[in-house]
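model-v2.tsv (TSV, C-alpha atoms)
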chain	number	residue	atom	x	y	z
A	150	MET	CA	217.14	72.51	107.30
A	151	PRO	CA	216.72	68.78	108.03
A	152	PRO	CA	218.48	66.42	105.65
A	153	ALA	CA	216.32	64.86	102.95
A	154	ARG	CA	215.36	61.27	103.79
A	155	ARG	CA	215.62	58.60	101.24
A	156	PRO	CA	212.29	57.18	100.08
A	157	SER	CA	211.62	53.64	101.31
A	158	LYS	CA	212.22	50.67	99.03
A	159	GLN	CA	208.47	50.19	98.67
A	160	MET	CA	208.00	53.82	97.71
A	161	ILE	CA	210.73	53.58	95.09
A	162	THR	CA	209.03	50.45	93.70
A	163	LEU	CA	205.72	52.29	93.52
A	164	LEU	CA	207.31	55.38	91.96
A	165	ALA	CA	208.96	53.17	89.35
A	166	ALA	CA	205.66	51.46	88.53
A	167	LEU	CA	203.76	54.73	88.30
A	168	SER	CA	206.45	56.42	86.22
A	169	GLU	CA	206.10	53.84	83.45
A	170	GLY	CA	203.73	55.75	81.20
A	171	ALA	CA	203.41	58.49	83.76
A	172	GLN	CA	200.24	59.93	82.26
A	173	ARG	CA	198.42	56.60	82.47
A	174	TRP	CA	195.86	56.20	85.25
A	175	ARG	CA	196.22	53.01	87.29
A	176	HIS	CA	193.87	51.11	89.53
A	177	GLY	CA	195.00	50.18	93.03
A	178	TYR	CA	194.73	46.45	92.45
A	179	ASP	CA	196.72	46.68	89.20
A	180	LEU	CA	199.44	48.54	91.11
A	181	MET	CA	199.48	45.76	93.70
A	182	LYS	CA	200.00	43.17	90.98
A	183	GLU	CA	202.63	45.24	89.20
A	184	THR	CA	204.69	46.10	92.27
A	185	GLY	CA	204.08	43.01	94.37
A	186	LEU	CA	203.13	45.31	97.28
A	187	ARG	CA	200.32	44.16	99.55
A	188	SER	CA	197.29	46.32	100.15
A	189	GLY	CA	198.51	46.97	103.71
A	190	THR	CA	201.62	48.63	102.29
A	191	LEU	CA	200.26	50.13	99.09
A	192	TYR	CA	197.40	52.17	100.53
A	193	PRO	CA	199.36	53.97	103.27
A	194	LEU	CA	201.96	54.82	100.61
A	195	LEU	CA	199.32	56.12	98.21
A	196	MET	CA	197.76	58.19	101.00
A	197	ARG	CA	201.11	59.78	101.88
A	198	MET	CA	202.08	60.38	98.27
A	199	THR	CA	198.71	61.93	97.45
A	200	GLU	CA	198.91	64.22	100.48
A	201	GLY	CA	202.49	65.07	99.52
A	202	GLY	CA	201.40	66.11	96.03
A	203	LEU	CA	203.30	63.31	94.29
A	204	VAL	CA	200.26	61.33	93.18
A	205	GLU	CA	196.85	62.48	92.03
A	206	ALA	CA	193.73	60.40	92.36
A	207	GLU	CA	190.43	60.41	90.53
A	208	TRP	CA	187.19	58.47	90.66
A	209	ARG	CA	186.16	56.44	87.63
A	210	GLU	CA	182.68	55.17	86.92
A	211	PRO	CA	182.38	51.38	87.03
A	212	THR	CA	182.67	49.54	83.72
A	213	GLN	CA	180.16	46.89	84.81
A	214	PRO	CA	176.75	47.58	86.34
A	215	GLY	CA	176.42	46.98	90.07
A	216	ARG	CA	180.09	47.63	90.73
A	217	PRO	CA	181.28	50.55	92.87
A	218	PRO	CA	183.31	53.39	91.30
A	219	ARG	CA	187.06	52.89	91.40
A	220	HIS	CA	189.94	55.15	92.34
A	221	VAL	CA	192.70	55.62	89.78
A	222	TYR	CA	196.14	57.09	90.37
A	223	ARG	CA	198.96	58.68	88.44
A	224	LEU	CA	202.05	60.74	89.19
A	225	THR	CA	201.91	64.52	89.32
A	226	ALA	CA	204.72	66.62	87.82
A	227	ALA	CA	206.39	66.60	91.26
A	228	GLY	CA	205.99	62.83	91.40
A	229	VAL	CA	207.54	62.38	87.96
A	230	SER	CA	210.42	64.63	89.00
A	231	LEU	CA	210.97	62.64	92.22
A	232	ALA	CA	210.78	59.35	90.33
A	233	ARG	CA	213.48	60.58	87.96
A	234	SER	CA	215.71	61.86	90.76
A	235	VAL	CA	215.36	58.61	92.66
A	236	THR	CA	216.41	56.72	89.55
A	237	ILE	CA	219.37	59.04	88.96
A	238	ASP	CA	220.42	59.50	92.59
A	239	PRO	CA	218.77	56.81	94.70
A	240	VAL	CA	220.72	57.74	97.88
A	241	ARG	CA	219.67	61.36	98.26
A	242	SER	CA	216.62	62.71	96.54
A	243	PRO	CA	215.19	66.23	97.04
A	244	GLY	CA	211.57	66.59	98.04
A	245	SER	CA	211.30	63.17	99.63
A	246	ALA	CA	211.78	64.32	103.23
A	247	ALA	CA	208.11	64.58	104.09
A	248	LEU	CA	207.17	61.33	102.49
A	249	ALA	CA	209.56	58.56	103.34
B	79	MET	CA	182.01	32.72	101.58
B	80	SER	CA	185.30	34.65	101.57
B	81	ALA	CA	183.80	37.64	99.73
B	82	PRO	CA	181.26	38.47	102.50
B	83	VAL	CA	184.01	38.09	105.12
B	84	ALA	CA	186.22	40.38	103.03
B	85	ARG	CA	183.39	42.95	102.84
B	86	ALA	CA	183.00	42.78	106.61
B	87	LEU	CA	186.75	43.31	107.00
B	88	LEU	CA	186.57	46.32	104.70
B	89	SER	CA	183.75	47.75	106.82
B	90	LEU	CA	186.06	47.37	109.81
B	91	ALA	CA	188.84	49.09	107.87
B	92	ALA	CA	186.45	51.94	106.97
B	93	ALA	CA	185.49	52.36	110.63
B	94	CYS	CA	189.17	52.48	111.62
B	95	LEU	CA	190.00	54.99	108.90
B	96	GLY	CA	187.33	57.41	110.14
B	97	GLU	CA	185.74	60.37	108.43
B	98	ARG	CA	189.00	61.94	107.33
B	99	ARG	CA	189.94	58.88	105.27
B	100	ARG	CA	186.45	58.01	104.07
B	101	GLU	CA	187.46	58.42	100.44
B	102	TRP	CA	190.29	55.92	100.91
B	103	ALA	CA	187.92	53.43	102.47
B	104	MET	CA	185.70	53.79	99.39
B	105	ALA	CA	188.75	53.34	97.17
B	106	MET	CA	189.55	50.06	98.94
B	107	ARG	CA	185.94	48.98	98.58
B	108	GLY	CA	186.11	49.76	94.85
B	109	GLU	CA	189.12	47.45	94.41
B	110	LEU	CA	187.54	44.55	96.28
B	111	GLU	CA	185.71	43.29	93.18
B	112	ALA	CA	189.03	43.07	91.33
B	113	ALA	CA	190.43	41.09	94.27
B	114	VAL	CA	187.38	38.80	94.20
B	115	GLU	CA	187.94	38.17	90.48
B	116	GLN	CA	191.56	37.27	91.23
B	117	GLY	CA	190.43	34.92	94.00
B	118	ARG	CA	192.22	36.85	96.77
B	119	PRO	CA	189.57	38.94	98.50
B	120	LEU	CA	190.57	37.94	102.04
B	121	ALA	CA	194.25	38.75	101.60
B	122	PHE	CA	193.31	42.09	100.05
B	123	ALA	CA	190.80	42.96	102.78
B	124	ALA	CA	193.14	41.87	105.58
B	125	GLY	CA	195.82	44.13	104.12
B	126	CYS	CA	193.34	47.01	104.06
B	127	VAL	CA	192.54	46.44	107.74
B	128	ILE	CA	196.27	46.50	108.53
B	129	ALA	CA	196.62	49.71	106.49
B	130	ALA	CA	193.72	51.24	108.44
B	131	TRP	CA	195.26	50.22	111.77
B	132	ARG	CA	198.57	51.72	110.73
B	133	GLU	CA	196.76	54.95	109.97
B	134	MET	CA	194.93	55.14	113.29
B	135	PRO	CA	197.68	56.86	115.30
B	136	ASN	CA	197.92	59.51	112.56
B	137	HIS	CA	194.49	61.06	113.09
B	138	ARG	CA	192.72	62.22	116.22
B	139	GLU	CA	189.67	59.98	115.76
B	140	GLY	CA	192.02	57.02	115.52
B	141	ARG	CA	194.04	58.08	118.55
B	142	PHE	CA	190.83	58.49	120.53
B	143	ALA	CA	189.57	55.04	119.46
B	144	LEU	CA	192.90	53.42	120.36
B	145	ALA	CA	193.01	55.11	123.76
B	146	ASN	CA	189.37	54.27	124.48
B	147	ASN	CA	189.90	50.60	123.58
B	148	ALA	CA	193.04	50.49	125.68
B	149	LEU	CA	191.12	52.00	128.59
B	150	ALA	CA	188.20	49.58	128.27
B	151	LEU	CA	190.13	46.41	127.49
B	152	GLY	CA	193.28	47.16	129.42
B	153	LEU	CA	191.77	48.64	132.59
B	154	LEU	CA	188.02	48.21	133.02
B	155	VAL	CA	187.70	44.59	131.88
B	156	PRO	CA	190.65	43.32	133.97
B	157	MET	CA	189.23	45.33	136.88
B	158	ALA	CA	185.95	43.42	136.60
B	159	GLY	CA	187.92	40.17	136.80
B	160	LEU	CA	189.84	41.43	139.82
B	161	GLN	CA	186.61	42.33	141.59
B	162	ILE	CA	185.43	38.77	141.21
B	163	ALA	CA	188.75	37.52	142.55
B	164	TRP	CA	188.50	39.85	145.56
B	165	ALA	CA	184.94	38.78	146.27
B	166	ALA	CA	185.76	35.08	145.93
B	167	GLY	CA	188.68	35.50	148.33
B	168	PHE	CA	186.66	37.47	150.85
B	169	TYR	CA	183.57	35.30	150.75
B	170	GLY	CA	185.67	32.19	151.17
B	171	GLY	CA	184.81	32.62	154.85
B	172	PRO	CA	186.58	33.69	158.01
B	173	VAL	CA	189.95	32.28	158.99
B	174	PRO	CA	189.30	29.13	161.10
B	175	GLY	CA	189.77	29.85	164.81
B	176	SER	CA	189.63	33.63	164.35
B	177	VAL	CA	187.25	35.95	166.21
B	178	GLU	CA	185.18	36.28	163.03
B	179	ASP	CA	184.97	32.51	162.82
B	180	LEU	CA	183.60	32.33	166.36
B	181	TYR	CA	181.00	35.07	166.14
B	182	LEU	CA	180.28	35.64	162.47
B	183	CYS	CA	180.20	32.15	160.99
B	184	ASP	CA	176.39	32.08	160.87
B	185	ALA	CA	176.28	35.54	159.32
B	186	PHE	CA	178.74	34.38	156.65
B	187	MET	CA	176.71	31.30	155.86
B	188	GLY	CA	173.49	33.25	155.56
B	189	ALA	CA	174.72	36.26	153.64
B	190	VAL	CA	177.41	34.92	151.35
B	191	PRO	CA	175.16	33.60	148.53
B	192	SER	CA	173.32	36.90	148.10
B	193	LEU	CA	176.47	39.02	148.48
B	194	LEU	CA	178.36	36.83	146.05
B	195	GLY	CA	175.45	37.21	143.63
B	196	LEU	CA	175.61	40.97	144.08
B	197	SER	CA	179.36	40.91	143.44
B	198	LEU	CA	178.84	38.93	140.25
B	199	PHE	CA	176.17	41.42	139.20
B	200	LEU	CA	178.63	44.21	139.91
B	201	CYS	CA	181.22	42.49	137.73
B	202	LEU	CA	178.72	42.22	134.87
B	203	LEU	CA	177.88	45.89	135.32
B	204	GLN	CA	181.58	46.70	135.02
B	205	LEU	CA	181.75	44.83	131.70
B	206	ARG	CA	178.63	46.62	130.46
B	207	PHE	CA	180.13	49.91	131.56
B	208	ALA	CA	183.30	49.22	129.53
B	209	TRP	CA	181.21	48.34	126.45
B	210	LEU	CA	179.07	51.49	126.71
B	211	LEU	CA	182.18	53.58	127.17
B	212	LEU	CA	183.52	52.19	123.88
B	213	GLU	CA	180.21	53.02	122.20
B	214	GLY	CA	180.18	56.51	123.66
B	215	ASP	CA	176.62	56.04	124.88
B	216	TRP	CA	176.92	58.52	127.73
B	217	LEU	CA	173.34	58.36	128.97
B	218	ARG	CA	173.62	54.61	129.47
B	219	VAL	CA	177.11	55.03	130.91
B	220	ALA	CA	175.55	57.31	133.52
B	221	ALA	CA	172.72	54.82	134.17
B	222	VAL	CA	175.08	51.86	134.58
B	223	GLY	CA	177.43	54.02	136.66
B	224	SER	CA	174.51	54.76	139.00
B	225	LEU	CA	173.74	51.04	139.28
B	226	ILE	CA	177.39	50.34	140.07
B	227	ALA	CA	177.30	53.02	142.75
B	228	ALA	CA	174.09	51.55	144.24
B	229	ALA	CA	175.49	48.00	144.22
B	230	THR	CA	178.76	49.20	145.76
B	231	ALA	CA	176.88	51.05	148.52
B	232	THR	CA	174.79	47.94	149.23
B	233	LEU	CA	177.90	45.80	149.44
B	234	ALA	CA	179.58	48.33	151.70
B	235	ILE	CA	176.63	48.42	154.10
B	236	PHE	CA	176.12	44.66	154.30
B	237	THR	CA	179.76	43.62	154.48
B	238	GLY	CA	180.42	46.36	157.01
B	239	LEU	CA	177.51	45.43	159.25
B	240	LEU	CA	177.54	41.68	158.89
B	241	PHE	CA	181.25	40.97	158.83
B	242	LEU	CA	182.70	44.10	160.44
B	243	ASP	CA	185.00	44.30	157.44
B	244	GLY	CA	185.02	47.03	154.84
B	245	ARG	CA	187.88	45.79	152.65
B	246	VAL	CA	185.77	44.52	149.77
B	247	ALA	CA	183.63	47.65	149.87
B	248	VAL	CA	186.74	49.83	149.74
B	249	LEU	CA	188.07	47.91	146.76
B	250	HIS	CA	184.73	48.19	144.93
B	251	ALA	CA	184.58	51.90	145.76
B	252	ALA	CA	188.07	52.34	144.34
B	253	ALA	CA	186.92	50.56	141.17
B	254	LEU	CA	183.91	52.89	141.00
B	255	ALA	CA	186.18	55.92	141.33
B	256	ILE	CA	188.30	54.60	138.45
B	257	ASP	CA	185.13	54.07	136.35
B	258	ILE	CA	183.99	57.63	136.99
B	259	ALA	CA	187.42	59.07	136.18
B	260	ALA	CA	187.66	56.95	133.00
B	261	SER	CA	184.22	57.99	131.77
B	262	PHE	CA	184.96	61.65	132.53
B	263	VAL	CA	188.24	61.61	130.61
B	264	SER	CA	186.73	59.66	127.73
B	265	ALA	CA	183.66	61.93	127.49
B	266	ARG	CA	185.78	65.09	127.43
B	267	TRP	CA	188.11	63.69	124.78
B	268	ARG	CA	185.21	62.45	122.66
B	269	GLY	CA	183.60	65.88	122.95
B	270	ARG	CA	186.74	67.43	121.46
B	271	VAL	CA	187.07	64.83	118.68
B	272	PHE	CA	183.37	64.69	117.73
B	273	PRO	CA	181.95	68.08	118.77
B	274	THR	CA	178.73	67.65	116.79
B	275	VAL	CA	177.80	64.11	117.90
B	276	PRO	CA	174.92	64.15	120.43
B	277	ALA	CA	175.31	62.43	123.80
B	278	GLN	CA	172.43	60.02	123.24
B	279	ARG	CA	172.68	57.44	120.53
B	280	PRO	CA	169.56	56.61	118.54
B	281	CYS	CA	167.94	53.37	119.77

Represent the supplied structure as structure tokens.
Amino acid sequence: MPPARRPSKQMITLLAALSEGAQRWRHGYDLMKETGLRSGTLYPLLMRMTEGGLVEAEWREPTQPGRPPRHVYRLTAAGVSLARSVTIDPVRSPGSAALA
Amino acid sequence: MSAPVARALLSLAAACLGERRREWAMAMRGELEAAVEQGRPLAFAAGCVIAAWREMPNHREGRFALANNALALGLLVPMAGLQIAWAAGFYGGPVPGSVEDLYLCDAFMGAVPSLLGLSLFLCLLQLRFAWLLLEGDWLRVAAVGSLIAAATATLAIFTGLLFLDGRVAVLHAAALAIDIAASFVSARWRGRVFPTVPAQRPC
């Protein structure tokens, strides 16, 4: 079995941001502001984490007319668990192998 | 002004992300208005383009697009430039004092303008061929390929007969062979990546 890889610094930052009020849905731009990650880093991370089952995404209707619908994100149970394990043991965290 | 440019960049990002990541392209588009409100639409959109480029090697549409662009920009376009360089070198005239200079000088003087024009036309055809290959417009690729073949044959006949020299024709024929091989490989790959897309694009 290959050794588990440590999540990248950016991923840990994103996990930390998403785990604050883990049940709260967040917009992509708000996550950029919160984490300081640029869109070029944030979106590939969100794609990987969604495919890895750590983050779930949903469409929300626009609050203002004429605006497009927006994607919102939050951690899944697996994501919450990984966020906790990264906080407790940031060097080696189970389940992060496929994502980092 | 920056918002329309940002929208154009997001369209580019959507094209790079392909069908598989269409939802993510829409998600980026949905966040653009927030970026506009914050006064940073260009930075946001540029980041999205970078994200899309980073994703391209991860899906087969992206790999195909990267390879096709590399083929067109890295091989076919430089080849068109080389053809012009070959033609310019060849049509510079015979070496002074050589046999060709003695017997073929008049032929050179008379034929060079039209043959140089034909070579330039051939170079433009090469560029058009590269563009159509990128678009995947196979019917036009075939049409332009036929024109390239006709122009190459004309060059071969005239340079061979007038100057007793087939070097330029051989080089153009080699370029044509590369064109045909490139279009064959690209068409087969595209057929595997987009099995349902018809060969002819709507006009």

Return as a PDB file with C-alpha atoms, in the frame of the given file the residues belonging to chain B that are within 8 Å of chain A, counting only C-alpha atoms.
ATOM      1  CA  TRP B 102     190.290  55.920 100.910  1.00  0.00           C
ATOM      2  CA  ALA B 105     188.750  53.340  97.170  1.00  0.00           C
ATOM      3  CA  ARG B 107     185.940  48.980  98.580  1.00  0.00           C
ATOM      4  CA  GLY B 108     186.110  49.760  94.850  1.00  0.00           C
ATOM      5  CA  GLU B 109     189.120  47.450  94.410  1.00  0.00           C
ATOM      6  CA  GLU B 111     185.710  43.290  93.180  1.00  0.00           C
ATOM      7  CA  ALA B 112     189.030  43.070  91.330  1.00  0.00           C
ATOM      8  CA  ALA B 113     190.430  41.090  94.270  1.00  0.00           C
ATOM      9  CA  PHE B 122     193.310  42.090 100.050  1.00  0.00           C
ATOM     10  CA  ALA B 123     190.800  42.960 102.780  1.00  0.00           C
ATOM     11  CA  ALA B 124     193.140  41.870 105.580  1.00  0.00           C
ATOM     12  CA  GLY B 125     195.820  44.130 104.120  1.00  0.00           C
ATOM     13  CA  CYS B 126     193.340  47.010 104.060  1.00  0.00           C
ATOM     14  CA  VAL B 127     192.540  46.440 107.740  1.00  0.00           C
ATOM     15  CA  ILE B 128     196.270  46.500 108.530  1.00  0.00           C
ATOM     16  CA  ALA B 129     196.620  49.710 106.490  1.00  0.00           C
ATOM     17  CA  ALA B 130     193.720  51.240 108.440  1.00  0.00           C
ATOM     18  CA  ARG B 132     198.570  51.720 110.730  1.00  0.00           C
ATOM     19  CA  GLU B 133     196.760  54.950 109.970  1.00  0.00           C
TER      20      GLU B 133
END

Between atom CA of B:Met106 and atom CA of B:Ala121 - distance in Å to one decimal |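 So the answer is 12.5 Å.
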
One decimal, Å: what's the distance from atom CA of B:Leu154 over to atom CA of B:Leu88, could you say?
->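 Atom CA of B:Leu154 sits 28.4 Å away from atom CA of B:Leu88.
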
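With only C-alpha atoms as the atoms that count, the minimum distance from A:Glu205 to the choices A:Ser234, A:Gln172, A:Ser157, A:Thr162 is reached by A:Gln172.
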
Which distance in Å separates atom CA of B:Cys201 and atom CA of B:Ile226, to one decimal?
->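 Distance between the two atoms: 9.0 Å.
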
From A:Gly201, A:Gly228, A:Gly215, A:Gly185, residue lying nearest A:Gln159 [all atoms listed in the file] = A:Gly185

Identify the residues within 12 Å of coordinate (194.7, 61.2, 116.7) (same frame as the file), considering all atoms listed in the file, and give the answer as a PyMOL selection string.
-> chain B and resi 94-96+98+132-146+267-268+270-272

Spatial neighbours of B:Gln161, max dist 9 Å, only C-alpha atoms, sep filter under 2 positions, as a PDB file with C-alpha atoms, in the frame of the given file:
ATOM      1  CA  PRO B 156     190.650  43.320 133.970  1.00  0.00           C
ATOM      2  CA  MET B 157     189.230  45.330 136.880  1.00  0.00           C
ATOM      3  CA  ALA B 158     185.950  43.420 136.600  1.00  0.00           C
ATOM      4  CA  GLY B 159     187.920  40.170 136.800  1.00  0.00           C
ATOM      5  CA  ALA B 163     188.750  37.520 142.550  1.00  0.00           C
ATOM      6  CA  TRP B 164     188.500  39.850 145.560  1.00  0.00           C
ATOM      7  CA  ALA B 165     184.940  38.780 146.270  1.00  0.00           C
ATOM      8  CA  ALA B 166     185.760  35.080 145.930  1.00  0.00           C
ATOM      9  CA  SER B 197     179.360  40.910 143.440  1.00  0.00           C
ATOM     10  CA  LEU B 198     178.840  38.930 140.250  1.00  0.00           C
ATOM     11  CA  LEU B 200     178.630  44.210 139.910  1.00  0.00           C
ATOM     12  CA  CYS B 201     181.220  42.490 137.730  1.00  0.00           C
ATOM     13  CA  VAL B 246     185.770  44.520 149.770  1.00  0.00           C
ATOM     14  CA  LEU B 249     188.070  47.910 146.760  1.00  0.00           C
ATOM     15  CA  HIS B 250     184.730  48.190 144.930  1.00  0.00           C
ATOM     16  CA  ALA B 253     186.920  50.560 141.170  1.00  0.00           C
TER      17      ALA B 253
END
